[in-house]
$ cat my_file38.pdb   # PDB, C-alpha atoms, pLDDT in the B column
MODEL        1
ATOM      1  CA  MET U  17     165.883 155.643 190.141  1.00 96.00           C
ATOM      2  CA  ASN U  18     163.108 154.720 187.739  1.00 98.00           C
ATOM      3  CA  PHE U  19     159.975 156.870 187.941  1.00 98.00           C
ATOM      4  CA  TYR U  20     156.676 156.135 186.222  1.00 98.00           C
ATOM      5  CA  ILE U  21     154.435 159.218 186.082  1.00 98.00           C
ATOM      6  CA  VAL U  22     150.754 158.700 185.264  1.00 98.00           C
ATOM      7  CA  LEU U  23     148.756 161.848 184.513  1.00 98.00           C
ATOM      8  CA  ALA U  24     144.960 161.817 184.692  1.00 98.00           C
ATOM      9  CA  HIS U  25     143.497 165.141 183.537  1.00 98.00           C
ATOM     10  CA  PRO U  26     141.609 165.811 180.279  1.00 97.00           C
ATOM     11  CA  GLU U  27     142.849 169.391 179.793  1.00 96.00           C
ATOM     12  CA  PRO U  28     146.353 169.655 178.253  1.00 94.00           C
ATOM     13  CA  ASN U  29     146.760 173.203 179.605  1.00 94.00           C
ATOM     14  CA  SER U  30     145.636 172.386 183.136  1.00 95.00           C
ATOM     15  CA  PHE U  31     147.761 172.856 186.233  1.00 95.00           C
ATOM     16  CA  ASN U  32     147.805 169.071 186.626  1.00 97.00           C
ATOM     17  CA  SER U  33     149.334 168.729 183.172  1.00 96.00           C
ATOM     18  CA  ALA U  34     151.860 171.471 183.893  1.00 95.00           C
ATOM     19  CA  ILE U  35     152.948 170.056 187.231  1.00 96.00           C
ATOM     20  CA  ALA U  36     153.351 166.540 185.782  1.00 97.00           C
ATOM     21  CA  LYS U  37     155.471 167.771 182.872  1.00 96.00           C
ATOM     22  CA  GLU U  38     157.594 169.997 185.115  1.00 96.00           C
ATOM     23  CA  LEU U  39     158.192 167.064 187.438  1.00 97.00           C
ATOM     24  CA  ARG U  40     159.153 164.784 184.555  1.00 97.00           C
ATOM     25  CA  ASN U  41     161.710 167.281 183.249  1.00 97.00           C
ATOM     26  CA  PHE U  42     163.081 167.903 186.734  1.00 96.00           C
ATOM     27  CA  LEU U  43     163.583 164.201 187.486  1.00 97.00           C
ATOM     28  CA  ILE U  44     165.320 163.647 184.146  1.00 97.00           C
ATOM     29  CA  GLN U  45     167.626 166.594 184.835  1.00 96.00           C
ATOM     30  CA  LYS U  46     168.456 165.055 188.206  1.00 95.00           C
ATOM     31  CA  GLY U  47     169.646 161.914 186.449  1.00 96.00           C
ATOM     32  CA  HIS U  48     166.624 159.695 187.023  1.00 97.00           C
ATOM     33  CA  LYS U  49     164.925 157.629 184.336  1.00 98.00           C
ATOM     34  CA  VAL U  50     161.313 158.556 183.697  1.00 98.00           C
ATOM     35  CA  LYS U  51     158.410 157.035 181.808  1.00 98.00           C
ATOM     36  CA  PHE U  52     155.350 159.218 181.318  1.00 98.00           C
ATOM     37  CA  ASN U  53     151.759 158.281 180.531  1.00 98.00           C
ATOM     38  CA  ASN U  54     149.045 160.851 179.860  1.00 98.00           C
ATOM     39  CA  LEU U  55     145.971 158.639 180.113  1.00 98.00           C
ATOM     40  CA  TYR U  56     143.680 160.984 178.212  1.00 98.00           C
ATOM     41  CA  ILE U  57     146.031 161.805 175.347  1.00 97.00           C
ATOM     42  CA  ASN U  58     146.942 158.131 175.016  1.00 97.00           C
ATOM     43  CA  MET U  59     143.216 157.267 175.126  1.00 97.00           C
ATOM     44  CA  PHE U  60     143.570 154.636 177.823  1.00 97.00           C
ATOM     45  CA  ASN U  61     140.474 152.446 177.991  1.00 97.00           C
ATOM     46  CA  PRO U  62     139.292 152.467 181.637  1.00 97.00           C
ATOM     47  CA  LEU U  63     136.484 149.954 181.158  1.00 96.00           C
ATOM     48  CA  LEU U  64     137.051 146.485 182.558  1.00 95.00           C
ATOM     49  CA  SER U  65     134.915 144.227 180.368  1.00 92.00           C
ATOM     50  CA  ARG U  66     134.657 140.882 178.609  1.00 91.00           C
ATOM     51  CA  LYS U  67     136.746 142.370 175.805  1.00 91.00           C
ATOM     52  CA  ASP U  68     139.764 141.945 178.073  1.00 91.00           C
ATOM     53  CA  PHE U  69     139.156 138.184 178.108  1.00 91.00           C
ATOM     54  CA  PRO U  70     138.060 137.013 174.625  1.00 84.00           C
ATOM     55  CA  ILE U  71     138.882 133.417 175.536  1.00 78.00           C
ATOM     56  CA  ASN U  72     135.956 133.550 177.995  1.00 75.00           C
ATOM     57  CA  ASN U  73     133.364 134.961 175.603  1.00 71.00           C
ATOM     58  CA  HIS U  74     131.567 131.617 175.362  1.00 77.00           C
ATOM     59  CA  LYS U  75     130.821 131.608 179.101  1.00 80.00           C
ATOM     60  CA  ASN U  76     127.492 132.749 180.532  1.00 82.00           C
ATOM     61  CA  LEU U  77     129.278 134.313 183.496  1.00 91.00           C
ATOM     62  CA  VAL U  78     132.755 135.831 183.632  1.00 88.00           C
ATOM     63  CA  GLN U  79     134.165 136.335 187.126  1.00 93.00           C
ATOM     64  CA  PHE U  80     136.613 139.133 186.464  1.00 94.00           C
ATOM     65  CA  PRO U  81     139.194 138.528 189.220  1.00 94.00           C
ATOM     66  CA  LYS U  82     139.368 134.862 188.147  1.00 95.00           C
ATOM     67  CA  ALA U  83     139.616 135.861 184.488  1.00 94.00           C
ATOM     68  CA  GLN U  84     142.428 138.317 185.282  1.00 95.00           C
ATOM     69  CA  LEU U  85     144.310 135.613 187.147  1.00 95.00           C
ATOM     70  CA  GLU U  86     143.899 133.092 184.327  1.00 94.00           C
ATOM     71  CA  SER U  87     145.057 135.658 181.769  1.00 94.00           C
ATOM     72  CA  PHE U  88     148.100 136.525 183.853  1.00 95.00           C
ATOM     73  CA  ILE U  89     149.063 132.875 184.363  1.00 94.00           C
ATOM     74  CA  ASN U  90     148.482 131.978 180.698  1.00 94.00           C
ATOM     75  CA  ASN U  91     150.199 135.124 179.379  1.00 94.00           C
ATOM     76  CA  THR U  92     147.036 136.268 177.568  1.00 94.00           C
ATOM     77  CA  THR U  93     146.667 139.625 179.311  1.00 94.00           C
ATOM     78  CA  SER U  94     145.460 142.392 176.988  1.00 94.00           C
ATOM     79  CA  SER U  95     148.378 144.157 175.333  1.00 94.00           C
ATOM     80  CA  ASP U  96     147.530 147.583 176.762  1.00 96.00           C
ATOM     81  CA  ILE U  97     147.420 146.152 180.283  1.00 97.00           C
ATOM     82  CA  LYS U  98     150.594 144.146 179.734  1.00 97.00           C
ATOM     83  CA  ASN U  99     152.321 147.375 178.744  1.00 97.00           C
ATOM     84  CA  GLU U 100     151.232 148.974 182.027  1.00 98.00           C
ATOM     85  CA  HIS U 101     152.412 145.926 183.951  1.00 98.00           C
ATOM     86  CA  ASP U 102     155.811 146.265 182.283  1.00 98.00           C
ATOM     87  CA  ASN U 103     155.979 149.960 183.212  1.00 98.00           C
ATOM     88  CA  ILE U 104     155.156 149.209 186.842  1.00 98.00           C
ATOM     89  CA  GLU U 105     157.674 146.380 187.040  1.00 97.00           C
ATOM     90  CA  TRP U 106     160.322 148.675 185.523  1.00 98.00           C
ATOM     91  CA  SER U 107     159.656 151.478 187.997  1.00 98.00           C
ATOM     92  CA  ASP U 108     160.908 152.069 191.504  1.00 97.00           C
ATOM     93  CA  ILE U 109     158.422 154.846 192.217  1.00 98.00           C
ATOM     94  CA  ILE U 110     155.015 155.426 190.623  1.00 98.00           C
ATOM     95  CA  ILE U 111     153.645 158.976 190.712  1.00 98.00           C
ATOM     96  CA  LEU U 112     149.954 159.532 190.031  1.00 98.00           C
ATOM     97  CA  GLN U 113     149.042 163.117 189.181  1.00 98.00           C
ATOM     98  CA  PHE U 114     145.322 163.858 189.347  1.00 98.00           C
ATOM     99  CA  PRO U 115     142.632 166.256 190.595  1.00 98.00           C
ATOM    100  CA  LEU U 116     140.340 165.249 193.449  1.00 98.00           C
ATOM    101  CA  TRP U 117     136.913 165.097 191.824  1.00 97.00           C
ATOM    102  CA  LEU U 118     133.832 164.349 193.950  1.00 96.00           C
ATOM    103  CA  TYR U 119     136.122 163.027 196.683  1.00 96.00           C
ATOM    104  CA  GLY U 120     137.808 160.489 194.435  1.00 97.00           C
ATOM    105  CA  MET U 121     140.016 159.881 191.440  1.00 98.00           C
ATOM    106  CA  PRO U 122     138.925 160.772 187.899  1.00 98.00           C
ATOM    107  CA  ALA U 123     137.072 157.847 186.312  1.00 98.00           C
ATOM    108  CA  ILE U 124     139.872 157.138 183.850  1.00 98.00           C
ATOM    109  CA  LEU U 125     142.364 156.668 186.689  1.00 98.00           C
ATOM    110  CA  LYS U 126     139.972 154.488 188.693  1.00 98.00           C
ATOM    111  CA  GLY U 127     139.569 152.377 185.577  1.00 98.00           C
ATOM    112  CA  TRP U 128     143.352 152.220 185.213  1.00 98.00           C
ATOM    113  CA  CYS U 129     143.482 150.790 188.732  1.00 98.00           C
ATOM    114  CA  ASP U 130     140.679 148.295 188.012  1.00 97.00           C
ATOM    115  CA  ARG U 131     142.379 146.930 184.903  1.00 97.00           C
ATOM    116  CA  VAL U 132     146.066 147.299 185.754  1.00 98.00           C
ATOM    117  CA  LEU U 133     146.248 146.372 189.443  1.00 97.00           C
ATOM    118  CA  SER U 134     144.833 143.026 188.504  1.00 97.00           C
ATOM    119  CA  GLU U 135     144.494 139.642 190.132  1.00 96.00           C
ATOM    120  CA  GLY U 136     147.669 137.645 189.648  1.00 95.00           C
ATOM    121  CA  PHE U 137     149.835 140.632 188.810  1.00 97.00           C
ATOM    122  CA  ALA U 138     149.287 142.865 191.843  1.00 96.00           C
ATOM    123  CA  HIS U 139     147.625 140.537 194.310  1.00 96.00           C
ATOM    124  CA  GLN U 140     146.272 137.055 194.860  1.00 95.00           C
ATOM    125  CA  PRO U 141     144.474 136.973 198.218  1.00 93.00           C
ATOM    126  CA  GLN U 142     143.784 133.238 198.114  1.00 92.00           C
ATOM    127  CA  LYS U 143     147.536 132.675 198.324  1.00 94.00           C
ATOM    128  CA  ASN U 144     148.026 135.542 200.786  1.00 94.00           C
ATOM    129  CA  LEU U 145     149.886 137.526 198.107  1.00 93.00           C
ATOM    130  CA  TRP U 146     148.682 141.000 198.985  1.00 93.00           C
ATOM    131  CA  PHE U 147     149.617 143.972 201.172  1.00 94.00           C
ATOM    132  CA  ASN U 148     153.221 143.452 202.345  1.00 92.00           C
ATOM    133  CA  LYS U 149     153.369 140.006 200.710  1.00 93.00           C
ATOM    134  CA  SER U 150     152.525 141.197 197.207  1.00 94.00           C
ATOM    135  CA  LYS U 151     155.289 140.966 194.636  1.00 91.00           C
ATOM    136  CA  LEU U 152     154.957 144.752 194.229  1.00 95.00           C
ATOM    137  CA  ASN U 153     155.877 145.444 197.850  1.00 92.00           C
ATOM    138  CA  LYS U 154     159.294 146.886 196.983  1.00 94.00           C
ATOM    139  CA  LYS U 155     157.751 149.611 194.865  1.00 97.00           C
ATOM    140  CA  LYS U 156     156.578 152.971 196.138  1.00 97.00           C
ATOM    141  CA  ILE U 157     153.671 155.140 195.041  1.00 98.00           C
ATOM    142  CA  LEU U 158     153.180 158.880 195.459  1.00 98.00           C
ATOM    143  CA  LEU U 159     149.777 160.479 194.957  1.00 98.00           C
ATOM    144  CA  SER U 160     150.126 164.082 193.776  1.00 98.00           C
ATOM    145  CA  ILE U 161     146.682 165.601 194.096  1.00 98.00           C
ATOM    146  CA  THR U 162     145.129 168.979 193.364  1.00 97.00           C
ATOM    147  CA  THR U 163     141.938 170.354 194.914  1.00 96.00           C
ATOM    148  CA  ASN U 164     139.687 173.339 194.328  1.00 94.00           C
ATOM    149  CA  GLY U 165     138.948 173.554 198.040  1.00 92.00           C
ATOM    150  CA  LYS U 166     141.075 175.357 200.576  1.00 93.00           C
ATOM    151  CA  LYS U 167     143.194 173.374 203.009  1.00 93.00           C
ATOM    152  CA  ASN U 168     141.103 174.285 206.034  1.00 94.00           C
ATOM    153  CA  THR U 169     137.969 172.870 204.393  1.00 95.00           C
ATOM    154  CA  PHE U 170     139.585 169.411 204.346  1.00 93.00           C
ATOM    155  CA  SER U 171     139.672 168.954 208.103  1.00 90.00           C
ATOM    156  CA  ASN U 172     137.585 167.252 210.766  1.00 89.00           C
ATOM    157  CA  ASN U 173     135.568 170.436 211.197  1.00 90.00           C
ATOM    158  CA  GLY U 174     135.746 171.549 207.577  1.00 90.00           C
ATOM    159  CA  ARG U 175     133.060 171.401 204.915  1.00 93.00           C
ATOM    160  CA  HIS U 176     134.648 168.457 203.095  1.00 94.00           C
ATOM    161  CA  GLY U 177     135.832 166.498 206.117  1.00 92.00           C
ATOM    162  CA  SER U 178     139.213 165.011 206.897  1.00 94.00           C
ATOM    163  CA  MET U 179     141.471 164.439 203.905  1.00 94.00           C
ATOM    164  CA  ASN U 180     142.766 161.310 205.656  1.00 94.00           C
ATOM    165  CA  ILE U 181     139.258 159.847 205.596  1.00 96.00           C
ATOM    166  CA  ILE U 182     138.646 160.916 201.986  1.00 96.00           C
ATOM    167  CA  LEU U 183     141.869 159.310 200.759  1.00 97.00           C
ATOM    168  CA  TRP U 184     141.719 156.178 202.904  1.00 97.00           C
ATOM    169  CA  PRO U 185     139.926 153.921 200.349  1.00 96.00           C
ATOM    170  CA  ILE U 186     142.267 155.098 197.582  1.00 97.00           C
ATOM    171  CA  ILE U 187     145.408 154.592 199.637  1.00 97.00           C
ATOM    172  CA  ASN U 188     144.250 151.254 201.011  1.00 97.00           C
ATOM    173  CA  ALA U 189     143.559 149.992 197.488  1.00 96.00           C
ATOM    174  CA  PHE U 190     147.204 150.616 196.590  1.00 97.00           C
ATOM    175  CA  ALA U 191     148.356 149.077 199.862  1.00 97.00           C
ATOM    176  CA  PHE U 192     146.176 146.037 199.051  1.00 96.00           C
ATOM    177  CA  SER U 193     148.281 145.678 195.896  1.00 96.00           C
ATOM    178  CA  GLY U 194     151.464 145.799 197.958  1.00 96.00           C
ATOM    179  CA  LEU U 195     152.654 149.260 197.001  1.00 97.00           C
ATOM    180  CA  LYS U 196     154.469 151.256 199.664  1.00 97.00           C
ATOM    181  CA  ILE U 197     152.638 154.524 200.251  1.00 97.00           C
ATOM    182  CA  ILE U 198     154.555 157.789 200.257  1.00 96.00           C
ATOM    183  CA  LYS U 199     152.652 160.507 202.113  1.00 96.00           C
ATOM    184  CA  PRO U 200     150.497 162.196 199.426  1.00 97.00           C
ATOM    185  CA  PHE U 201     151.434 165.613 198.101  1.00 96.00           C
ATOM    186  CA  ILE U 202     148.377 167.862 197.963  1.00 96.00           C
ATOM    187  CA  ALA U 203     148.129 171.226 196.236  1.00 96.00           C
ATOM    188  CA  PHE U 204     145.059 172.972 197.676  1.00 95.00           C
ATOM    189  CA  ASP U 205     142.932 175.756 196.202  1.00 93.00           C
ATOM    190  CA  VAL U 206     144.614 175.660 192.788  1.00 91.00           C
ATOM    191  CA  ILE U 207     141.833 177.440 190.893  1.00 89.00           C
ATOM    192  CA  ARG U 208     142.184 180.626 192.956  1.00 91.00           C
ATOM    193  CA  SER U 209     145.973 180.446 193.295  1.00 90.00           C
ATOM    194  CA  SER U 210     148.171 182.985 191.567  1.00 89.00           C
ATOM    195  CA  GLN U 211     150.845 182.003 189.067  1.00 90.00           C
ATOM    196  CA  LYS U 212     153.479 182.619 191.714  1.00 92.00           C
ATOM    197  CA  GLN U 213     151.641 180.397 194.194  1.00 91.00           C
ATOM    198  CA  ARG U 214     151.374 177.658 191.579  1.00 90.00           C
ATOM    199  CA  GLU U 215     155.067 177.894 190.829  1.00 90.00           C
ATOM    200  CA  CYS U 216     155.710 177.502 194.553  1.00 91.00           C
ATOM    201  CA  MET U 217     153.538 174.358 194.602  1.00 92.00           C
ATOM    202  CA  ILE U 218     155.517 172.877 191.710  1.00 90.00           C
ATOM    203  CA  LYS U 219     158.792 173.662 193.461  1.00 92.00           C
ATOM    204  CA  LYS U 220     157.562 171.949 196.644  1.00 92.00           C
ATOM    205  CA  LEU U 221     156.578 168.839 194.679  1.00 92.00           C
ATOM    206  CA  LYS U 222     159.985 168.697 192.999  1.00 90.00           C
ATOM    207  CA  ASN U 223     161.715 168.851 196.357  1.00 90.00           C
ATOM    208  CA  TYR U 224     159.297 166.285 197.750  1.00 88.00           C
ATOM    209  CA  ALA U 225     159.795 163.791 194.929  1.00 88.00           C
ATOM    210  CA  ASP U 226     163.580 164.075 194.630  1.00 79.00           C
TER     211      ASP U 226
ENDMDL
END

$ encode --input "my_file38.pdb" --output "structure tokens"
Amino acid sequence: MNFYIVLAHPEPNSFNSAIAKELRNFLIQKGHKVKFNNLYINMFNPLLSRKDFPINNHKNLVQFPKAQLESFINNTTSSDIKNEHDNIEWSDIIILQFPLWLYGMPAILKGWCDRVLSEGFAHQPQKNLWFNKSKLNKKKILLSITTNGKKNTFSNNGRHGSMNIILWPIINAFAFSGLKIIKPFIAFDVIRSSQKQRECMIKKLKNYAD
């Protein structure tokens, strides 16, 4: 199978970086094909702006979904976004590796979603091309998430509340784009975990992804 791993963590020596690299090597050893994108090292631009649509610079108002659609139809999508589109189209399974920060994705990954899961490519609601009718609906996505909080704090009675509620807007955004959701893999309490516990988490993710 073809796996596309997207890593969103600014620290090269972080557990997120380690788990993503271990997973990449494991999948390759298992005979899968893998593409890997470290958003921070590759300096991905997360800012959706007029710069993505230079043909529209003369307009007083740019409606970004409409501009994305026009760019996709006219084959004028920014080269960095087109490269991400190609990676997604090539893949069978997309794996996003990221820490849960302030109950959401890191800004760079949210920006990746804003720019890459674009109108025309991932969805076109006016033509009912979204959710299970999107052209991406044969592709799967796995969220591999780390937290500083303990598992019991992410519950209905816990300090942070239910993880299902926290992740719902993230998961639904990917479902909106047609991607099939694999149950997220969550590594809890990573800051206080021992090296042995972290190695166990990595092993569980390998077994989960294979």

$ closest_residue --input "my_file38.pdb" --among "U:Asn32, U:Ile182, U:Leu112, U:Asp68" --to "Lys98 in chain U" --atoms "only C-alpha atoms"
U:Asp68

$ closest_residue --input "my_file38.pdb" --among "U:Ile198, U:Leu23, U:Ile157, U:Met217" --to "Ile110 in chain U" --atoms "only C-alpha atoms"
U:Ile157

$ residues_around --input "my_file38.pdb" --residues "Asn61 in chain U" --least-positions-apart "4" --cutoff "10 Å" --atoms "all atoms listed in the file" --output "ChimeraX atom specification"
/U:55-56,96-97,124-125,127-128,131

$ atom_distance --input "my_file38.pdb" --atom1 "CA of Pro28 in chain U" --atom2 "CA of Lys126 in chain U"
19.5 Å

$ atom_distance --input "my_file38.pdb" --atom1 "CA of Ile187 in chain U" --atom2 "CA of Phe42 in chain U"
25.6 Å

$ atom_distance --input "my_file38.pdb" --atom1 "CA of Asn99 in chain U" --atom2 "CA of Pro62 in chain U"
14.3 Å

$ resolve_selection --input "my_file38.pdb" --expression "the PyMOL selection byres ((chain U and resi 142-154) around 12)" --output "VMD selection string"
chain U and resid 81 to 82 85 101 104 to 110 133 to 141 155 to 157 187 to 197

$ resolve_selection --input "my_file38.pdb" --expression "the PyMOL selection byres ((chain U and resi 169-181) around 12)" --output "PyMOL selection string"
chain U and resi 116-120+161+163-168+182-188+199-205

$ write_last_selection --input "my_file38.pdb" --atoms "C-alpha atoms" --output "PDB file, in the coordinates of the input"
ATOM      1  CA  LEU U 116     140.340 165.249 193.449  1.00 98.00           C
ATOM      2  CA  TRP U 117     136.913 165.097 191.824  1.00 97.00           C
ATOM      3  CA  LEU U 118     133.832 164.349 193.950  1.00 96.00           C
ATOM      4  CA  TYR U 119     136.122 163.027 196.683  1.00 96.00           C
ATOM      5  CA  GLY U 120     137.808 160.489 194.435  1.00 97.00           C
ATOM      6  CA  ILE U 161     146.682 165.601 194.096  1.00 98.00           C
ATOM      7  CA  THR U 163     141.938 170.354 194.914  1.00 96.00           C
ATOM      8  CA  ASN U 164     139.687 173.339 194.328  1.00 94.00           C
ATOM      9  CA  GLY U 165     138.948 173.554 198.040  1.00 92.00           C
ATOM     10  CA  LYS U 166     141.075 175.357 200.576  1.00 93.00           C
ATOM     11  CA  LYS U 167     143.194 173.374 203.009  1.00 93.00           C
ATOM     12  CA  ASN U 168     141.103 174.285 206.034  1.00 94.00           C
ATOM     13  CA  ILE U 182     138.646 160.916 201.986  1.00 96.00           C
ATOM     14  CA  LEU U 183     141.869 159.310 200.759  1.00 97.00           C
ATOM     15  CA  TRP U 184     141.719 156.178 202.904  1.00 97.00           C
ATOM     16  CA  PRO U 185     139.926 153.921 200.349  1.00 96.00           C
ATOM     17  CA  ILE U 186     142.267 155.098 197.582  1.00 97.00           C
ATOM     18  CA  ILE U 187     145.408 154.592 199.637  1.00 97.00           C
ATOM     19  CA  ASN U 188     144.250 151.254 201.011  1.00 97.00           C
ATOM     20  CA  LYS U 199     152.652 160.507 202.113  1.00 96.00           C
ATOM     21  CA  PRO U 200     150.497 162.196 199.426  1.00 97.00           C
ATOM     22  CA  PHE U 201     151.434 165.613 198.101  1.00 96.00           C
ATOM     23  CA  ILE U 202     148.377 167.862 197.963  1.00 96.00           C
ATOM     24  CA  ALA U 203     148.129 171.226 196.236  1.00 96.00           C
ATOM     25  CA  PHE U 204     145.059 172.972 197.676  1.00 95.00           C
ATOM     26  CA  ASP U 205     142.932 175.756 196.202  1.00 93.00           C
TER      27      ASP U 205
END

$ resolve_selection --input "my_file38.pdb" --expression "the PyMOL selection byres ((chain U and resi 19) around 9)" --output "list in words"
Met17, Asn18, Tyr20, Ile21, Arg40, Leu43, His48, Lys49, Val50, Lys51, Phe52, Trp106, Ser107, Asp108, Ile109, Ile110 and Ile111 of chain U

$ closest_residue --input "my_file38.pdb" --among "U:Val132, U:Thr162, U:Val206, U:Glu215" --to "Leu63 in chain U" --atoms "only C-alpha atoms"
U:Val132

$ build_atoms --input "my_file38.pdb" --residues "range 195-203 of chain U" --atoms "all heavy atoms" --output "CSV table (one decimal), in the coordinates of the input"
chain,number,residue,atom,x,y,z
U,195,LEU,N,151.8,148.1,197.2
U,195,LEU,CA,152.7,149.3,197.0
U,195,LEU,C,152.9,150.0,198.3
U,195,LEU,O,152.0,150.2,199.1
U,195,LEU,CB,152.0,150.2,196.0
U,195,LEU,CG,151.8,149.6,194.6
U,195,LEU,CD1,150.9,150.4,193.8
U,195,LEU,CD2,153.1,149.4,193.9
U,196,LYS,N,154.1,150.5,198.5
U,196,LYS,CA,154.5,151.3,199.7
U,196,LYS,C,154.0,152.7,199.5
U,196,LYS,O,154.4,153.3,198.5
U,196,LYS,CB,156.0,151.2,199.9
U,196,LYS,CG,156.5,149.8,200.1
U,196,LYS,CD,155.9,149.1,201.3
U,196,LYS,CE,156.5,147.8,201.6
U,196,LYS,NZ,155.8,147.0,202.7
U,197,ILE,N,153.3,153.2,200.4
U,197,ILE,CA,152.6,154.5,200.3
U,197,ILE,C,153.6,155.6,200.8
U,197,ILE,O,154.0,155.7,201.9
U,197,ILE,CB,151.3,154.6,201.0
U,197,ILE,CG1,150.4,153.4,200.7
U,197,ILE,CG2,150.6,155.9,200.7
U,197,ILE,CD1,150.0,153.3,199.2
U,198,ILE,N,153.9,156.5,199.9
U,198,ILE,CA,154.6,157.8,200.3
U,198,ILE,C,153.5,158.8,200.6
U,198,ILE,O,152.4,158.8,200.0
U,198,ILE,CB,155.4,158.4,199.1
U,198,ILE,CG1,156.5,157.3,198.7
U,198,ILE,CG2,156.0,159.7,199.5
U,198,ILE,CD1,157.2,157.8,197.4
U,199,LYS,N,153.7,159.5,201.7
U,199,LYS,CA,152.7,160.5,202.1
U,199,LYS,C,152.2,161.4,200.9
U,199,LYS,O,153.1,162.0,200.3
U,199,LYS,CB,153.2,161.4,203.2
U,199,LYS,CG,152.2,162.4,203.8
U,199,LYS,CD,152.7,163.2,204.9
U,199,LYS,CE,151.7,164.2,205.4
U,199,LYS,NZ,152.2,165.1,206.5
U,200,PRO,N,150.9,161.5,200.6
U,200,PRO,CA,150.5,162.2,199.4
U,200,PRO,C,150.9,163.7,199.5
U,200,PRO,O,151.0,164.3,200.5
U,200,PRO,CB,149.0,162.1,199.5
U,200,PRO,CG,148.7,160.8,200.3
U,200,PRO,CD,149.8,160.8,201.3
U,201,PHE,N,151.2,164.2,198.3
U,201,PHE,CA,151.4,165.6,198.1
U,201,PHE,C,150.1,166.2,197.6
U,201,PHE,O,149.6,165.8,196.6
U,201,PHE,CB,152.5,165.9,197.1
U,201,PHE,CG,152.8,167.3,196.8
U,201,PHE,CD1,153.7,168.0,197.6
U,201,PHE,CD2,152.2,168.0,195.8
U,201,PHE,CE1,153.9,169.4,197.4
U,201,PHE,CE2,152.4,169.3,195.6
U,201,PHE,CZ,153.3,170.0,196.4
U,202,ILE,N,149.7,167.3,198.3
U,202,ILE,CA,148.4,167.9,198.0
U,202,ILE,C,148.5,169.4,197.7
U,202,ILE,O,149.0,170.1,198.6
U,202,ILE,CB,147.3,167.6,199.1
U,202,ILE,CG1,147.2,166.1,199.3
U,202,ILE,CG2,146.0,168.2,198.7
U,202,ILE,CD1,146.3,165.7,200.5
U,203,ALA,N,148.1,169.8,196.6
U,203,ALA,CA,148.1,171.2,196.2
U,203,ALA,C,146.7,171.7,196.4
U,203,ALA,O,145.8,171.4,195.6
U,203,ALA,CB,148.7,171.5,194.8
